[in-house]
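For reference, upload-v6.csv (CSV, C-alpha atoms):
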```csv
chain,number,residue,atom,x,y,z
Q,63,MET,CA,16.7,-30.9,-64.5
Q,64,ASN,CA,19.1,-28.5,-66.2
Q,65,SER,CA,22.3,-27.4,-64.6
Q,66,ARG,CA,21.1,-23.8,-64.0
Q,67,LYS,CA,18.0,-25.0,-62.1
Q,68,LEU,CA,20.1,-27.5,-60.1
Q,69,CYS,CA,22.6,-24.7,-59.1
Q,70,PHE,CA,19.7,-22.5,-58.0
Q,71,ILE,CA,18.3,-25.2,-55.8
Q,72,LEU,CA,21.7,-25.9,-54.2
Q,73,LEU,CA,22.2,-22.2,-53.6
Q,74,ILE,CA,18.8,-21.9,-51.8
Q,75,THR,CA,19.7,-25.0,-49.7
Q,76,ILE,CA,23.0,-23.6,-48.7
Q,77,VAL,CA,21.6,-20.2,-47.7
Q,78,SER,CA,18.8,-21.9,-45.7
Q,79,SER,CA,21.4,-24.0,-43.9
Q,80,ILE,CA,23.5,-20.9,-43.1
Q,81,LEU,CA,20.5,-19.0,-41.7
Q,82,THR,CA,19.5,-22.0,-39.6
Q,83,SER,CA,22.9,-22.4,-38.2
Q,84,CYS,CA,23.1,-18.7,-37.3
Q,85,GLY,CA,19.8,-18.7,-35.6
Q,86,GLY,CA,17.2,-17.9,-38.2
Q,87,SER,CA,14.7,-15.1,-37.7
Q,88,PRO,CA,11.6,-16.2,-35.9
Q,89,PRO,CA,8.2,-15.4,-37.4
Q,90,LYS,CA,7.6,-13.2,-34.4
Q,91,LEU,CA,9.5,-12.0,-31.3
Q,92,THR,CA,8.1,-12.8,-27.9
Q,93,ILE,CA,9.0,-10.7,-24.9
Q,94,GLY,CA,8.3,-11.9,-21.3
Q,95,LEU,CA,7.8,-9.6,-18.3
Q,96,ILE,CA,8.2,-10.4,-14.6
Q,97,PRO,CA,5.2,-9.7,-12.4
Q,98,VAL,CA,5.7,-6.2,-10.8
Q,99,LYS,CA,2.0,-5.5,-10.9
Q,100,ASP,CA,-1.3,-6.8,-12.4
Q,101,THR,CA,-0.4,-8.7,-15.5
Q,102,ALA,CA,-3.2,-7.1,-17.7
Q,103,GLU,CA,-2.1,-3.6,-16.5
Q,104,MET,CA,1.6,-4.5,-17.3
Q,105,LYS,CA,0.7,-5.5,-20.9
Q,106,ALA,CA,-1.4,-2.4,-21.4
Q,107,ASP,CA,1.4,-0.2,-20.1
Q,108,PHE,CA,4.0,-1.9,-22.3
Q,109,GLU,CA,1.9,-1.7,-25.4
Q,110,PRO,CA,3.4,1.6,-26.8
Q,111,ILE,CA,6.9,0.2,-26.3
Q,112,ARG,CA,5.8,-3.0,-28.0
Q,113,SER,CA,4.6,-1.0,-31.0
Q,114,TYR,CA,7.8,1.1,-31.0
Q,115,LEU,CA,9.9,-2.1,-31.0
Q,116,GLU,CA,7.8,-3.8,-33.7
Q,117,GLU,CA,8.3,-0.8,-36.0
Q,118,ARG,CA,12.0,-0.6,-35.3
Q,119,LEU,CA,12.7,-4.3,-35.6
Q,120,GLY,CA,10.4,-4.9,-38.5
Q,121,LEU,CA,8.7,-8.1,-37.2
Q,122,PRO,CA,5.6,-8.9,-35.1
Q,123,ILE,CA,6.1,-8.7,-31.3
Q,124,GLU,CA,4.1,-10.5,-28.7
Q,125,VAL,CA,4.3,-9.5,-25.0
Q,126,VAL,CA,3.7,-12.1,-22.2
Q,127,ALA,CA,3.2,-10.8,-18.7
Q,128,VAL,CA,3.8,-13.9,-16.6
Q,129,ASP,CA,2.2,-14.7,-13.2
Q,130,ASN,CA,5.4,-15.7,-11.5
Q,131,TYR,CA,9.2,-15.6,-12.0
Q,132,LEU,CA,9.4,-19.4,-12.6
Q,133,SER,CA,7.0,-19.1,-15.6
Q,134,LEU,CA,9.4,-16.7,-17.3
Q,135,ILE,CA,12.3,-19.2,-16.9
Q,136,GLU,CA,10.2,-22.0,-18.2
Q,137,GLY,CA,9.0,-20.0,-21.1
Q,138,MET,CA,12.6,-19.3,-22.2
Q,139,LYS,CA,13.7,-22.9,-21.6
Q,140,ASN,CA,10.9,-24.1,-23.8
Q,141,ALA,CA,11.7,-21.5,-26.5
Q,142,LYS,CA,8.3,-19.8,-26.1
Q,143,ILE,CA,9.9,-16.5,-25.0
Q,144,ASP,CA,12.8,-15.0,-26.8
Q,145,ILE,CA,13.7,-12.0,-24.6
Q,146,GLY,CA,12.9,-11.8,-20.9
Q,147,TRP,CA,12.7,-8.9,-18.5
Q,148,TYR,CA,14.1,-10.4,-15.2
Q,149,GLY,CA,14.8,-9.3,-11.7
Q,150,ALA,CA,18.5,-9.5,-10.7
Q,151,PHE,CA,18.2,-12.8,-8.8
Q,152,SER,CA,15.7,-14.4,-11.2
Q,153,TYR,CA,18.2,-13.7,-14.0
Q,154,ILE,CA,21.0,-15.5,-12.1
Q,155,ALA,CA,18.6,-18.4,-11.4
Q,156,ALA,CA,17.7,-18.5,-15.0
Q,157,GLU,CA,21.3,-18.6,-16.2
Q,158,SER,CA,21.8,-21.7,-14.1
Q,159,GLU,CA,19.2,-23.4,-16.3
Q,160,ILE,CA,19.7,-21.8,-19.8
Q,161,GLU,CA,22.3,-19.8,-21.7
Q,162,LEU,CA,21.3,-16.1,-21.7
Q,163,THR,CA,22.8,-12.9,-23.0
Q,164,PRO,CA,22.0,-9.6,-21.0
Q,165,LEU,CA,21.2,-6.8,-23.3
Q,166,VAL,CA,20.0,-3.6,-21.6
Q,167,VAL,CA,18.9,-2.3,-18.2
Q,168,GLN,CA,17.0,0.8,-17.2
Q,169,GLN,CA,19.0,3.8,-15.8
Q,170,ARG,CA,16.8,5.7,-13.5
Q,171,LYS,CA,16.9,9.5,-13.0
Q,172,ASP,CA,17.6,9.3,-9.3
Q,173,THR,CA,19.5,6.0,-8.7
Q,174,GLY,CA,21.1,5.1,-12.0
Q,175,MET,CA,21.0,1.4,-12.8
Q,176,TYR,CA,20.6,0.4,-9.2
Q,177,TYR,CA,17.7,0.0,-6.8
Q,178,ASN,CA,17.1,-1.4,-3.3
Q,179,SER,CA,15.0,-3.8,-1.3
Q,180,LEU,CA,12.8,-2.2,1.3
Q,181,ILE,CA,10.9,-3.6,4.3
Q,182,VAL,CA,7.9,-1.4,4.9
Q,183,VAL,CA,5.4,-1.5,7.8
Q,184,GLN,CA,2.1,0.1,8.7
Q,185,LYS,CA,3.0,3.4,10.3
Q,186,ASP,CA,0.3,3.2,13.0
Q,187,LEU,CA,2.0,0.0,14.4
Q,188,GLY,CA,4.9,2.1,15.7
Q,189,ILE,CA,7.5,-0.5,14.5
Q,190,HIS,CA,11.0,0.7,13.9
Q,191,SER,CA,13.1,-2.4,13.8
Q,192,ILE,CA,13.2,-5.9,12.3
Q,193,GLU,CA,13.0,-7.5,15.7
Q,194,GLU,CA,9.7,-5.7,16.5
Q,195,LEU,CA,8.1,-7.5,13.6
Q,196,GLU,CA,7.9,-10.8,15.6
Q,197,GLY,CA,4.3,-12.2,15.5
Q,198,LYS,CA,3.2,-9.9,12.7
Q,199,LYS,CA,1.8,-10.7,9.3
Q,200,PHE,CA,4.4,-10.3,6.5
Q,201,ALA,CA,3.9,-10.1,2.7
Q,202,PHE,CA,6.6,-11.2,0.2
Q,203,VAL,CA,6.2,-10.6,-3.5
Q,204,ASP,CA,7.3,-14.0,-5.0
Q,205,SER,CA,9.9,-16.5,-4.2
Q,206,GLY,CA,11.9,-15.4,-7.3
Q,207,SER,CA,11.8,-11.7,-6.5
Q,208,THR,CA,15.2,-10.2,-5.7
Q,209,SER,CA,13.9,-7.3,-3.6
Q,210,GLY,CA,10.6,-8.8,-2.7
Q,211,TYR,CA,12.0,-12.1,-1.2
Q,212,ILE,CA,15.6,-13.0,-1.8
Q,213,LEU,CA,17.3,-10.1,0.0
Q,214,PRO,CA,14.8,-10.0,2.9
Q,215,TYR,CA,15.3,-13.8,3.3
Q,216,THR,CA,19.0,-13.3,3.3
Q,217,LEU,CA,18.6,-10.6,5.9
Q,218,PHE,CA,16.5,-12.8,8.2
Q,219,LYS,CA,18.9,-15.7,7.8
Q,220,SER,CA,21.9,-13.4,8.7
Q,221,ARG,CA,20.1,-12.5,12.0
Q,222,HIS,CA,19.2,-16.2,12.7
Q,223,ILE,CA,15.5,-15.5,12.2
Q,224,ASP,CA,13.4,-18.3,10.9
Q,225,TYR,CA,10.7,-16.2,9.3
Q,226,GLU,CA,8.3,-19.2,9.1
Q,227,THR,CA,8.0,-19.2,12.9
Q,228,PHE,CA,9.0,-15.6,13.6
Q,229,PHE,CA,6.0,-14.1,11.9
Q,230,SER,CA,2.4,-15.1,12.7
Q,231,GLU,CA,1.8,-15.5,8.9
Q,232,THR,CA,3.7,-15.0,5.7
Q,233,TYR,CA,2.4,-15.2,2.1
Q,234,TYR,CA,3.2,-14.1,-1.5
Q,235,ALA,CA,1.2,-11.2,-2.7
Q,236,GLY,CA,2.2,-11.8,-6.3
Q,237,SER,CA,3.5,-8.4,-7.2
Q,238,HIS,CA,5.3,-5.4,-5.6
Q,239,GLU,CA,2.2,-3.2,-6.1
Q,240,GLN,CA,0.0,-5.7,-4.2
Q,241,VAL,CA,2.4,-5.8,-1.3
Q,242,ALA,CA,2.1,-2.1,-0.9
Q,243,PHE,CA,-1.7,-2.2,-1.3
Q,244,ASN,CA,-2.0,-4.9,1.3
Q,245,ILE,CA,0.0,-2.9,3.9
Q,246,GLN,CA,-2.0,0.2,3.1
Q,247,HIS,CA,-5.3,-1.6,3.6
Q,248,GLN,CA,-4.1,-3.4,6.7
Q,249,GLN,CA,-4.2,-6.9,5.1
Q,250,ALA,CA,-0.5,-7.2,6.1
Q,251,ASP,CA,1.5,-5.6,8.9
Q,252,ALA,CA,4.7,-5.4,6.9
Q,253,GLY,CA,6.2,-6.5,3.6
Q,254,ALA,CA,9.1,-6.4,1.2
Q,255,ILE,CA,9.1,-4.3,-1.9
Q,256,SER,CA,11.4,-2.8,-4.6
Q,257,SER,CA,12.3,0.8,-3.9
Q,258,ALA,CA,11.7,1.6,-7.6
Q,259,GLN,CA,8.1,0.2,-7.5
Q,260,TYR,CA,7.5,1.9,-4.1
Q,261,ASN,CA,8.6,5.3,-5.4
Q,262,ASN,CA,6.5,4.8,-8.5
Q,263,LEU,CA,3.4,4.0,-6.5
Q,264,ILE,CA,3.9,7.2,-4.4
Q,265,ARG,CA,4.5,9.3,-7.5
Q,266,ASP,CA,1.3,8.0,-9.1
Q,267,GLY,CA,-0.6,8.7,-5.9
Q,268,LYS,CA,-1.6,5.0,-5.5
Q,269,ILE,CA,-0.1,4.8,-1.9
Q,270,GLN,CA,0.6,7.5,0.7
Q,271,PRO,CA,4.0,7.6,2.4
Q,272,LYS,CA,2.2,8.9,5.6
Q,273,ASP,CA,0.7,5.5,5.9
Q,274,MET,CA,4.0,3.5,6.0
Q,275,ASN,CA,7.4,3.4,7.5
Q,276,ILE,CA,10.6,2.1,5.9
Q,277,ILE,CA,12.5,0.2,8.6
Q,278,TRP,CA,15.2,-1.5,6.4
Q,279,LYS,CA,16.9,-0.7,3.1
Q,280,SER,CA,19.3,-3.1,1.4
Q,281,GLU,CA,22.6,-2.4,-0.3
Q,282,ASP,CA,22.3,-1.4,-4.0
Q,283,ILE,CA,21.0,-4.0,-6.4
Q,284,PRO,CA,21.8,-3.9,-10.1
Q,285,GLY,CA,18.6,-3.2,-12.1
Q,286,SER,CA,16.3,-5.6,-13.9
Q,287,PRO,CA,17.8,-6.6,-17.2
Q,288,TYR,CA,16.3,-7.6,-20.6
Q,289,VAL,CA,18.1,-10.8,-21.5
Q,290,ALA,CA,18.0,-12.8,-24.7
Q,291,SER,CA,18.0,-16.5,-25.3
Q,292,LYS,CA,21.4,-17.5,-26.8
Q,293,ASP,CA,19.5,-19.1,-29.7
Q,294,LEU,CA,17.8,-15.8,-30.7
Q,295,ASN,CA,19.1,-14.4,-34.0
Q,296,LYS,CA,22.1,-12.1,-33.2
Q,297,SER,CA,20.8,-9.5,-35.6
Q,298,ILE,CA,17.5,-9.3,-33.7
Q,299,GLN,CA,19.4,-9.1,-30.4
Q,300,LYS,CA,21.4,-6.2,-31.8
Q,301,ASN,CA,18.4,-4.4,-33.2
Q,302,PHE,CA,16.5,-4.8,-30.0
Q,303,THR,CA,19.4,-3.3,-28.1
Q,304,ILE,CA,19.8,-0.4,-30.4
Q,305,ALA,CA,16.1,0.4,-30.3
Q,306,MET,CA,16.0,0.4,-26.5
Q,307,LEU,CA,19.2,2.5,-26.3
Q,308,ASN,CA,17.6,5.1,-28.5
Q,309,ILE,CA,14.0,5.1,-27.1
Q,310,HIS,CA,14.6,8.1,-24.9
Q,311,ASN,CA,15.6,10.1,-28.0
Q,312,GLU,CA,13.3,8.6,-30.6
Q,313,ALA,CA,10.2,8.1,-28.5
Q,314,PRO,CA,10.6,10.1,-25.2
Q,315,THR,CA,6.9,10.4,-24.6
Q,316,ILE,CA,6.4,6.7,-24.8
Q,317,LEU,CA,9.2,6.1,-22.3
Q,318,GLU,CA,7.9,8.8,-20.0
Q,319,ASN,CA,4.4,7.5,-20.0
Q,320,TYR,CA,5.7,4.0,-19.4
Q,321,ASP,CA,7.8,5.0,-16.4
Q,322,ASP,CA,8.9,8.6,-15.9
Q,323,SER,CA,11.5,7.5,-13.4
Q,324,ILE,CA,13.6,6.0,-16.2
Q,325,GLU,CA,16.1,8.3,-17.8
Q,326,ARG,CA,17.2,5.9,-20.5
Q,327,TYR,CA,18.3,2.3,-21.2
Q,328,VAL,CA,22.0,1.4,-21.1
Q,329,GLU,CA,23.9,-1.7,-22.2
Q,330,VAL,CA,24.7,-4.2,-19.4
Q,331,ASP,CA,27.0,-7.2,-19.1
Q,332,SER,CA,26.9,-10.3,-17.1
Q,333,MET,CA,29.7,-9.1,-14.7
Q,334,SER,CA,27.4,-6.4,-13.3
Q,335,TYR,CA,25.4,-9.2,-11.5
Q,336,ASN,CA,28.4,-10.8,-9.7
Q,337,PRO,CA,27.1,-9.5,-6.3
Q,338,ILE,CA,23.9,-11.3,-6.9
Q,339,ARG,CA,25.8,-14.4,-7.9
Q,340,ASN,CA,27.7,-14.2,-4.6
Q,341,ILE,CA,24.3,-14.2,-2.7
Q,342,ALA,CA,23.2,-17.2,-4.7
Q,343,ASN,CA,26.4,-19.0,-3.8
Q,344,ILE,CA,25.9,-18.2,-0.1
Q,345,LEU,CA,22.3,-19.5,-0.2
Q,346,GLY,CA,23.5,-22.6,-2.1
Q,347,LYS,CA,22.2,-24.7,-5.0
Q,348,GLN,CA,19.8,-26.6,-2.8
Q,349,TYR,CA,18.0,-23.3,-2.0
Q,350,MET,CA,17.9,-22.5,-5.7
Q,351,TYR,CA,16.2,-25.7,-6.6
Q,352,GLU,CA,13.9,-26.1,-3.6
Q,353,ARG,CA,12.8,-22.5,-3.2
Q,354,PHE,CA,13.0,-21.1,-6.6
Q,355,LEU,CA,13.4,-23.4,-9.6
Q,356,GLY,CA,11.0,-25.9,-8.1
Q,357,SER,CA,13.0,-29.0,-9.1
Q,358,GLU,CA,13.2,-32.2,-7.1
```

So that I can check it, write out the structure of this file as C-alpha cells.
Amino acid sequence: MNSRKLCFILLITIVSSILTSCGGSPPKLTIGLIPVKDTAEMKADFEPIRSYLEERLGLPIEVVAVDNYLSLIEGMKNAKIDIGWYGAFSYIAAESEIELTPLVVQQRKDTGMYYNSLIVVQKDLGIHSIEELEGKKFAFVDSGSTSGYILPYTLFKSRHIDYETFFSETYYAGSHEQVAFNIQHQQADAGAISSAQYNNLIRDGKIQPKDMNIIWKSEDIPGSPYVASKDLNKSIQKNFTIAMLNIHNEAPTILENYDDSIERYVEVDSMSYNPIRNIANILGKQYMYERFLGSE
C-alpha cells in the first residue's frame, strides 16, 4: 500500500471517529408525539409539518404518535425516538430517566406559552364544586398527563380527597379529546382536560360549551415542549429549532391548518419547568415510579 493511499484511509478513519464522537447524523429523524387525540388523526394532522421539517432538515423524518406517555419515554430511552413532544410533567418525568434538551414550545395567540388544567362536568348535573363530584364517574386522560391527571391528582390530594373512593368510578380515556367526548355523550359525569385542547375542540365544533361547565381551573402550566435526546447530533437539534422558529413565516398555512391557536414557536429552556419540578418533588419519587414510570 503506497503512502498516499494509507494517508487517505487514516484521514477517513479520523473523520469517522470525530463524527461518531459528536453524535453522527442518523439515517432518519424520528419524532414522537404524546396522545392528545386519536393517534392516526394526530399523524395525519402532523404530516404537513413533517414534510416541512423533512425539506428544511434534508433528511427523512418519521413520526410516531404513541398510545401513552410512558411509551414516549421508553422510545427515547431505547434510542428509537430522537425528538419527543411532551407534556410538562411527562418531560420532567422523562428527564429523571434520560438526559434531554428542551428545544421549542408553542406560543398561543391567547395564552402565550402557558395553558391550564380544567375539570369539566356535564352541565345538566348542576355541579359547581369539587365536593359535589362525590359518587360521580370521572375521566382522566393518562397517568402521565400534566393537565389530564397530575394537577387534578394534586388538587384532590391537597383537599384530602382519595379519588379512588371519592368517585364511583375513575378511568383513563386515553386522550384529552376522548375525555371531552365522553362527558358530552354522558359516558362520564366529569373529567380533566387541557384548556388548549378544550378550546380547540370548541373552535372546531366538536363539542358544545353549552353542554359542559368548568368548575376548576389550575394555575398556569408551561406549554408542551419538543425535547431532544442528548445524543442527537447538535446540528440536527439546531436545524430543527430554526425550522420550528420560522414555520409561522415560512409556512403559515401549514401552522394554521395544524392548530390555528398557535401564533408561533419560541425557544424554551429547562428552567421554565421548575414549577412542575416542584410539584414532582411534592409528590415524591415513589409516586413517579409507581404511578408514572411503572418501575418496581

Q. So how far away is atom CA of Leu187 of chain Q from atom CA of Ser237 of chain Q, in Å?
A. 23.2 Å

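Close contacts of Arg112 of chain Q, defined as residues with an atom at most 9 Å away when counting all atoms listed in the file, with chain neighbours fewer than 2 positions off set aside, comprise Ile93, Phe108, Glu109, Pro110, Tyr114, Leu115, Glu116, Glu117, Ile123, Glu124 and Val125 of chain Q.
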
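Shortest atom-to-atom contact with Ala235 of chain Q among Q:Val98, Q:Met306, Q:Leu317, Q:Ile223: Q:Val98, counting all atoms listed in the file.
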
Segment 88-159 of chain Q near segment 254-271 of chain Q within 12 Å: what's each residue's closest atom pair and its distance in Å to one decimal, counting all atoms listed in the file, ordered by chain then ascending residue number, as CSV?
```
residue,atom,partner,partner_atom,distance
Q:Pro97,CA,Q:Gln259,CA,11.4
Q:Val98,CA,Q:Gln259,CA,7.6
Q:Lys99,CA,Q:Gln259,CA,9.0
Q:Gly149,CA,Q:Ser256,CA,10.2
Q:Ala150,CA,Q:Ser256,CA,11.5
```

Show me a table, sorted first by chain and then by increasing residue number, of the residues of segment 149-215 of chain Q having an atom at most 9 Å from segment 277-290 of chain Q, each with its shortest atom pair and the distance in Å to one decimal, counting only C-alpha atoms and written as JSON lines.
```
{"residue": "Q:Gly149", "atom": "CA", "partner": "Q:Ser286", "partner_atom": "CA", "distance": 4.6}
{"residue": "Q:Ala150", "atom": "CA", "partner": "Q:Ser286", "partner_atom": "CA", "distance": 5.5}
{"residue": "Q:Tyr153", "atom": "CA", "partner": "Q:Pro287", "partner_atom": "CA", "distance": 7.8}
{"residue": "Q:Glu161", "atom": "CA", "partner": "Q:Ala290", "partner_atom": "CA", "distance": 8.7}
{"residue": "Q:Leu162", "atom": "CA", "partner": "Q:Ala290", "partner_atom": "CA", "distance": 5.5}
{"residue": "Q:Thr163", "atom": "CA", "partner": "Q:Ala290", "partner_atom": "CA", "distance": 5.1}
{"residue": "Q:Pro164", "atom": "CA", "partner": "Q:Val289", "partner_atom": "CA", "distance": 4.1}
{"residue": "Q:Leu165", "atom": "CA", "partner": "Q:Val289", "partner_atom": "CA", "distance": 5.4}
{"residue": "Q:Val166", "atom": "CA", "partner": "Q:Tyr288", "partner_atom": "CA", "distance": 5.5}
{"residue": "Q:Val167", "atom": "CA", "partner": "Q:Pro287", "partner_atom": "CA", "distance": 4.5}
{"residue": "Q:Gln168", "atom": "CA", "partner": "Q:Gly285", "partner_atom": "CA", "distance": 6.7}
{"residue": "Q:Gln169", "atom": "CA", "partner": "Q:Gly285", "partner_atom": "CA", "distance": 7.9}
{"residue": "Q:Gly174", "atom": "CA", "partner": "Q:Gly285", "partner_atom": "CA", "distance": 8.7}
{"residue": "Q:Met175", "atom": "CA", "partner": "Q:Gly285", "partner_atom": "CA", "distance": 5.2}
{"residue": "Q:Tyr176", "atom": "CA", "partner": "Q:Pro284", "partner_atom": "CA", "distance": 4.6}
{"residue": "Q:Tyr177", "atom": "CA", "partner": "Q:Ile283", "partner_atom": "CA", "distance": 5.2}
{"residue": "Q:Asn178", "atom": "CA", "partner": "Q:Asp282", "partner_atom": "CA", "distance": 5.2}
{"residue": "Q:Ser179", "atom": "CA", "partner": "Q:Ser280", "partner_atom": "CA", "distance": 5.1}
{"residue": "Q:Leu180", "atom": "CA", "partner": "Q:Lys279", "partner_atom": "CA", "distance": 4.7}
{"residue": "Q:Ile181", "atom": "CA", "partner": "Q:Trp278", "partner_atom": "CA", "distance": 5.2}
{"residue": "Q:Val182", "atom": "CA", "partner": "Q:Ile277", "partner_atom": "CA", "distance": 6.1}
{"residue": "Q:Val183", "atom": "CA", "partner": "Q:Ile277", "partner_atom": "CA", "distance": 7.3}
{"residue": "Q:Ile189", "atom": "CA", "partner": "Q:Ile277", "partner_atom": "CA", "distance": 7.8}
{"residue": "Q:His190", "atom": "CA", "partner": "Q:Ile277", "partner_atom": "CA", "distance": 5.5}
{"residue": "Q:Ser191", "atom": "CA", "partner": "Q:Ile277", "partner_atom": "CA", "distance": 5.8}
{"residue": "Q:Ile192", "atom": "CA", "partner": "Q:Ile277", "partner_atom": "CA", "distance": 7.2}
{"residue": "Q:Thr208", "atom": "CA", "partner": "Q:Ile283", "partner_atom": "CA", "distance": 8.5}
{"residue": "Q:Ser209", "atom": "CA", "partner": "Q:Ile283", "partner_atom": "CA", "distance": 8.3}
{"residue": "Q:Leu213", "atom": "CA", "partner": "Q:Ser280", "partner_atom": "CA", "distance": 7.4}
{"residue": "Q:Pro214", "atom": "CA", "partner": "Q:Ser280", "partner_atom": "CA", "distance": 8.4}
```
